[in-house]
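Text of the file coords01.cif, holding mmCIF, C-alpha atoms and all ligand atoms:
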data_my_file
#
loop_
_atom_site.label_atom_id
_atom_site.label_comp_id
_atom_site.auth_asym_id
_atom_site.auth_seq_id
_atom_site.Cartn_x
_atom_site.Cartn_y
_atom_site.Cartn_z
CA MET A 1 60.32 28.24 152.66
CA PRO A 2 62.86 29.61 150.16
CA GLU A 3 64.18 26.93 147.78
CA THR A 4 67.86 27.56 148.49
CA SER A 5 70.80 25.82 150.07
CA VAL A 6 72.07 29.00 151.71
CA LEU A 7 72.60 29.47 155.44
CA TYR A 8 72.88 32.94 156.88
CA VAL A 9 75.18 33.21 159.93
CA LEU A 10 74.78 36.64 161.48
CA ASN A 11 76.84 38.08 164.32
CA GLY A 12 76.06 41.04 166.53
CA PRO A 13 78.01 43.81 168.20
CA ASN A 14 81.62 43.49 169.32
CA LEU A 15 82.07 40.00 167.90
CA ASN A 16 84.56 41.55 165.45
CA LEU A 17 86.85 41.74 168.52
CA LEU A 18 86.87 37.98 169.05
CA GLY A 19 90.32 36.60 169.80
CA GLU A 20 91.62 40.01 170.88
CA ARG A 21 90.32 40.17 174.47
CA GLU A 22 88.56 38.05 177.11
CA PRO A 23 89.85 34.69 175.79
CA ASP A 24 88.83 33.06 179.08
CA ILE A 25 85.18 33.78 178.21
CA TYR A 26 85.09 33.79 174.41
CA GLY A 27 88.11 31.68 173.41
CA ARG A 28 91.13 32.49 171.29
CA GLU A 29 89.62 32.06 167.84
CA THR A 30 88.96 35.11 165.69
CA LEU A 31 85.71 35.73 163.83
CA ALA A 32 87.50 34.58 160.65
CA ASP A 33 88.24 31.28 162.42
CA VAL A 34 84.56 31.02 163.38
CA GLN A 35 83.58 31.61 159.74
CA ALA A 36 85.86 28.74 158.69
CA ILE A 37 84.25 26.50 161.34
CA CYS A 38 80.79 27.34 159.94
CA GLU A 39 81.86 26.66 156.36
CA ALA A 40 83.38 23.30 157.38
CA ALA A 41 80.15 22.30 159.16
CA ALA A 42 77.78 23.38 156.39
CA ASP A 43 77.88 20.07 154.47
CA GLY A 44 77.35 21.53 151.00
CA PHE A 45 75.29 24.54 152.02
CA THR A 46 76.62 27.97 151.10
CA VAL A 47 77.33 30.09 154.18
CA VAL A 48 76.69 33.83 154.11
CA PHE A 49 78.63 35.01 157.16
CA ARG A 50 78.34 38.60 158.41
CA GLN A 51 78.93 40.73 161.50
CA SER A 52 77.59 44.16 162.39
CA ASN A 53 77.75 46.50 165.36
CA HIS A 54 74.50 48.14 164.20
CA GLU A 55 71.04 46.93 165.17
CA GLY A 56 69.34 48.23 162.00
CA GLU A 57 71.87 46.54 159.73
CA LEU A 58 71.24 43.24 161.51
CA VAL A 59 67.47 43.76 161.05
CA ASP A 60 68.04 44.40 157.31
CA TRP A 61 70.04 41.18 156.98
CA ILE A 62 67.45 39.14 158.90
CA GLN A 63 64.79 40.49 156.51
CA GLU A 64 67.04 39.57 153.57
CA ALA A 65 67.25 36.01 154.93
CA ARG A 66 63.45 35.69 154.46
CA THR A 67 63.92 35.23 150.74
CA LYS A 68 67.58 34.30 150.36
CA ALA A 69 68.24 31.70 153.06
CA SER A 70 66.86 28.33 154.06
CA ALA A 71 67.98 28.78 157.68
CA LEU A 72 69.46 31.41 159.98
CA VAL A 73 72.12 30.98 162.68
CA ILE A 74 72.36 34.14 164.76
CA ASN A 75 74.60 35.23 167.59
CA PRO A 76 72.83 38.49 168.42
CA ALA A 77 75.47 39.17 171.11
CA ALA A 78 74.24 41.85 173.55
CA TYR A 79 71.23 42.67 171.31
CA GLY A 80 69.76 39.31 172.27
CA HIS A 81 69.22 40.73 175.74
CA THR A 82 67.80 44.07 174.59
CA SER A 83 66.41 44.18 171.06
CA VAL A 84 62.69 44.00 170.31
CA ALA A 85 63.56 45.07 166.74
CA ILE A 86 65.60 41.90 166.23
CA LEU A 87 62.85 39.85 167.89
CA ASP A 88 60.27 41.27 165.46
CA ALA A 89 62.53 40.63 162.45
CA VAL A 90 63.13 37.01 163.52
CA LYS A 91 59.39 36.52 164.08
CA ALA A 92 58.78 37.43 160.44
CA LEU A 93 60.89 34.47 159.26
CA SER A 94 59.42 31.12 158.28
CA ILE A 95 62.80 29.33 158.15
CA PRO A 96 64.59 27.54 161.03
CA VAL A 97 66.45 29.92 163.33
CA ILE A 98 69.21 28.74 165.67
CA GLU A 99 70.34 31.18 168.36
CA CYS A 100 74.01 30.66 169.10
CA HIS A 101 76.30 32.01 171.85
CA LEU A 102 79.94 31.30 172.59
CA SER A 103 79.53 31.51 176.36
CA ASN A 104 77.10 29.78 178.71
CA LEU A 105 74.73 32.68 179.36
CA PHE A 106 73.27 30.98 182.42
CA ALA A 107 76.66 30.74 184.13
CA ARG A 108 77.10 34.51 183.80
CA GLU A 109 75.44 37.71 185.04
CA ALA A 110 71.64 37.63 185.52
CA PHE A 111 71.09 40.20 182.72
CA ARG A 112 72.46 37.65 180.24
CA HIS A 113 69.92 35.00 181.29
CA HIS A 114 67.13 36.63 179.27
CA SER A 115 67.07 36.62 175.49
CA PHE A 116 64.29 38.10 173.37
CA ILE A 117 65.24 35.67 170.59
CA THR A 118 65.13 32.30 172.37
CA PRO A 119 61.31 32.00 172.57
CA VAL A 120 60.97 32.45 168.79
CA ALA A 121 64.03 30.40 167.76
CA SER A 122 63.97 26.75 166.77
CA GLY A 123 66.65 26.19 169.39
CA LEU A 124 69.48 27.67 171.43
CA ILE A 125 73.12 26.54 171.56
CA ALA A 126 75.42 28.23 174.07
CA GLY A 127 78.52 27.56 176.06
CA PHE A 128 80.79 25.61 173.69
CA GLY A 129 82.97 28.49 172.50
CA SER A 130 83.48 28.38 168.74
CA GLY A 131 82.07 24.84 168.91
CA SER A 132 78.64 26.44 169.47
CA TYR A 133 78.74 27.59 165.84
CA ASP A 134 79.73 24.13 164.62
CA LEU A 135 76.75 22.64 166.48
CA ALA A 136 74.39 25.43 165.39
CA VAL A 137 75.25 25.07 161.69
CA ARG A 138 74.87 21.27 161.89
CA ALA A 139 71.49 21.71 163.59
CA ALA A 140 70.39 24.21 160.92
CA VAL A 141 71.37 21.84 158.08
CA LYS A 142 69.52 18.99 159.77
CA LEU A 143 66.35 21.05 160.27
CA VAL A 144 66.37 22.22 156.63
CA ARG A 145 66.81 18.64 155.37
CA GLN A 146 64.04 17.37 157.66
CA ARG A 147 61.70 20.07 156.36
CA THR A 148 62.60 19.37 152.75
CA ALA A 149 62.01 15.64 153.23
CA ALA A 150 58.64 16.31 154.89
CA ALA A 151 57.43 18.86 152.32
CA PRO A 152 54.84 17.69 149.80
CA ARG A 153 56.32 17.15 146.32
CA PRO A 154 54.77 18.91 143.33
CA VAL A 155 52.74 16.54 141.05
O1 LIG A 201 78.53 34.37 174.42
C1 LIG A 201 78.21 35.02 173.43
O2 LIG A 201 78.37 34.62 172.28
C2 LIG A 201 77.61 36.42 173.61
O3 LIG A 201 76.61 36.58 172.61
C3 LIG A 201 78.74 37.42 173.40
C4 LIG A 201 78.31 38.86 173.65
C5 LIG A 201 77.62 39.01 175.00
O4 LIG A 201 77.11 40.33 175.16
C6 LIG A 201 76.47 38.01 175.15
O5 LIG A 201 75.92 38.16 176.45
C7 LIG A 201 76.96 36.59 174.97
C8 LIG A 201 79.53 39.79 173.64
C9 LIG A 201 80.36 39.72 172.42
C10 LIG A 201 81.59 40.55 172.66
O6 LIG A 201 82.69 39.83 172.22
C11 LIG A 201 83.92 40.26 172.58
C12 LIG A 201 84.97 39.46 172.22
C13 LIG A 201 86.25 39.83 172.56
C14 LIG A 201 86.47 41.01 173.24
C15 LIG A 201 85.44 41.80 173.60
C16 LIG A 201 84.14 41.44 173.27
#

Show the structure stored in the file as structure tokens.
Ligand code: CA2
Amino acid sequence: MPETSVLYVLNGPNLNLLGEREPDIYGRETLADVQAICEAAADGFTVVFRQSNHEGELVDWIQEARTKASALVINPAAYGHTSVAILDAVKALSIPVIECHLSNLFAREAFRHHSFITPVASGLIAGFGSGSYDLAVRAAVKLVRQRTAAAPRPV
């Protein structure tokens, strides 16, 4: 596991539009508001917060997290339902990964019930609006601290 106190929070396609449309589903907060929520929840960890509409760019950032982050929170957005490339990139990580969604996927259309990421994530948080990110970042910090406490110390 990388010896860092950095959390990557990655966001997939269309999440740059948060707060502009569909507030009944995704809430009124903007992505900048969500970033502030993550930073407030990070309890001393540095948050690297990014969004992309491009699958390959997300794959590049997940690969970057292998060496630069101690945990990953990812809202893959629609790519969660479609992307084997993002699945493969997440599988290559040895850090905790929390999948995070604003909406409750299981209360929505059937095509949103399947995620390629969930089976390889440490856990899934969905359905709490921007509060999902608060919970996901707290869970990531807790998992990193548990791992650090359990790791053998050098003699
Ligand atoms: O609930 C979530 O966080 C989702 O990841 C959001 C994705 C959706 O495809 C997933 O099934 C669930 C969509 C993000 C699009 O966000 C928008 C926000 C405002 C206006 C338009 C799109």

For this session: Dump the neighbourhood of ligand LIG 201 (chain A) as a VMD selection string: all residues within 10 Å, distances computed on all atoms listed in the file.
Result: chain A and resid 11 to 31 74 to 81 99 to 106 108 to 109 111 to 115 125 to 130 132 to 133

Expected file: the selected residues, C-alpha atoms, as an mmCIF file, in the frame of the given file:
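Just written: again03.cif:
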data_model
loop_
_atom_site.group_PDB
_atom_site.id
_atom_site.type_symbol
_atom_site.label_atom_id
_atom_site.label_comp_id
_atom_site.auth_asym_id
_atom_site.auth_seq_id
_atom_site.Cartn_x
_atom_site.Cartn_y
_atom_site.Cartn_z
ATOM 1 C CA ASN A 11 76.840 38.080 164.320
ATOM 2 C CA GLY A 12 76.060 41.040 166.530
ATOM 3 C CA PRO A 13 78.010 43.810 168.200
ATOM 4 C CA ASN A 14 81.620 43.490 169.320
ATOM 5 C CA LEU A 15 82.070 40.000 167.900
ATOM 6 C CA ASN A 16 84.560 41.550 165.450
ATOM 7 C CA LEU A 17 86.850 41.740 168.520
ATOM 8 C CA LEU A 18 86.870 37.980 169.050
ATOM 9 C CA GLY A 19 90.320 36.600 169.800
ATOM 10 C CA GLU A 20 91.620 40.010 170.880
ATOM 11 C CA ARG A 21 90.320 40.170 174.470
ATOM 12 C CA GLU A 22 88.560 38.050 177.110
ATOM 13 C CA PRO A 23 89.850 34.690 175.790
ATOM 14 C CA ASP A 24 88.830 33.060 179.080
ATOM 15 C CA ILE A 25 85.180 33.780 178.210
ATOM 16 C CA TYR A 26 85.090 33.790 174.410
ATOM 17 C CA GLY A 27 88.110 31.680 173.410
ATOM 18 C CA ARG A 28 91.130 32.490 171.290
ATOM 19 C CA GLU A 29 89.620 32.060 167.840
ATOM 20 C CA THR A 30 88.960 35.110 165.690
ATOM 21 C CA LEU A 31 85.710 35.730 163.830
ATOM 22 C CA ILE A 74 72.360 34.140 164.760
ATOM 23 C CA ASN A 75 74.600 35.230 167.590
ATOM 24 C CA PRO A 76 72.830 38.490 168.420
ATOM 25 C CA ALA A 77 75.470 39.170 171.110
ATOM 26 C CA ALA A 78 74.240 41.850 173.550
ATOM 27 C CA TYR A 79 71.230 42.670 171.310
ATOM 28 C CA GLY A 80 69.760 39.310 172.270
ATOM 29 C CA HIS A 81 69.220 40.730 175.740
ATOM 30 C CA GLU A 99 70.340 31.180 168.360
ATOM 31 C CA CYS A 100 74.010 30.660 169.100
ATOM 32 C CA HIS A 101 76.300 32.010 171.850
ATOM 33 C CA LEU A 102 79.940 31.300 172.590
ATOM 34 C CA SER A 103 79.530 31.510 176.360
ATOM 35 C CA ASN A 104 77.100 29.780 178.710
ATOM 36 C CA LEU A 105 74.730 32.680 179.360
ATOM 37 C CA PHE A 106 73.270 30.980 182.420
ATOM 38 C CA ARG A 108 77.100 34.510 183.800
ATOM 39 C CA GLU A 109 75.440 37.710 185.040
ATOM 40 C CA PHE A 111 71.090 40.200 182.720
ATOM 41 C CA ARG A 112 72.460 37.650 180.240
ATOM 42 C CA HIS A 113 69.920 35.000 181.290
ATOM 43 C CA HIS A 114 67.130 36.630 179.270
ATOM 44 C CA SER A 115 67.070 36.620 175.490
ATOM 45 C CA ILE A 125 73.120 26.540 171.560
ATOM 46 C CA ALA A 126 75.420 28.230 174.070
ATOM 47 C CA GLY A 127 78.520 27.560 176.060
ATOM 48 C CA PHE A 128 80.790 25.610 173.690
ATOM 49 C CA GLY A 129 82.970 28.490 172.500
ATOM 50 C CA SER A 130 83.480 28.380 168.740
ATOM 51 C CA SER A 132 78.640 26.440 169.470
ATOM 52 C CA TYR A 133 78.740 27.590 165.840
#

For this session: Pick out the closest residue to Val6 (chain A) from this set: A:Val141, A:Val59, A:Val97, A:Ile37. Count only C-alpha atoms.
Result: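 Looking only at the distances to Val6 (chain A), the closest residue turns out to be A:Val141.
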
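Closest to Ser83 (chain A) among A:Val144, A:Ala65, A:Ile117, A:Ala139 is A:Ile117, based on only C-alpha atoms.
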
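CA of Leu143 (chain A) to CA of Ala32 (chain A) spans 25.1 Å [interatomic distance, one decimal].
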
Exercise. Which polymer residues have any atom within 9 Å of an atom of Leu58 (chain A), counting only C-alpha atoms, with same-chain residues fewer than 3 positions away left out, as an NGL selection string?
Worked result: :A and (10-12 or 51-55 or 61-63 or 76 or 86)

Problem set entry | Residue among A:Gly44, A:Gly123, A:Gly56, A:Gly131 lying closest to Ser5 (chain A), counting only C-alpha atoms | A:Gly44

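The protein and nucleic acid residues lying at most 12 Å from Glu39 (chain A) are Val6, Leu7, Tyr8, Val9, Ala32, Asp33, Val34, Gln35, Ala36, Ile37, Ala41, Ala42, Asp43, Gly44, Phe45, Thr46, Val47, Val48, Phe49, Tyr133, Asp134, Ala136, Val137, Arg138 and Val141 of chain A, with only C-alpha atoms considered and sequence neighbours fewer than 2 positions away removed.
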
Seminar exercise, completed: Leu135 (chain A) proximity check over A:Ala149, A:Thr82, A:Pro119, A:Cys38, using only C-alpha atoms: winner is A:Cys38

For this session: Find the residue from A:Val120, A:Ala40, A:Ala140, A:Ala150 that sits nearest to Asp88 (chain A); use only C-alpha atoms when measuring.
Result: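 Checking each of A:Val120, A:Ala40, A:Ala140, A:Ala150 against Asp88 (chain A), counting only C-alpha atoms, the winner is A:Val120.
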
Exercise. Given the choices A:Thr4, A:Thr118, A:Val73, A:Thr148, which gets closest to Pro96 (chain A) if the distance is worked out from all atoms listed in the file?
Worked result: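 So, comparing all the options, the nearest one is A:Val73.
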
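A straight line drawn from CA of Ala107 (chain A) to CA of Ala71 (chain A) is 27.9 Å long.
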
For this session: Enter the distance from CA of Ser122 (chain A) to CA of Ile95 (chain A), in Å, rounded to one decimal.
Result: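 It comes out at 9.1 Å.
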
Where's the centre, and what are the edge lengths in Å to one decimal, of a box along x, y and z enclosing all listed atoms of region 63-71 of chain A padded 6 Å per side, as JSON?
{"center_x": 65.8, "center_y": 34.4, "center_z": 154.0, "size_x": 16.8, "size_y": 24.2, "size_z": 19.3}
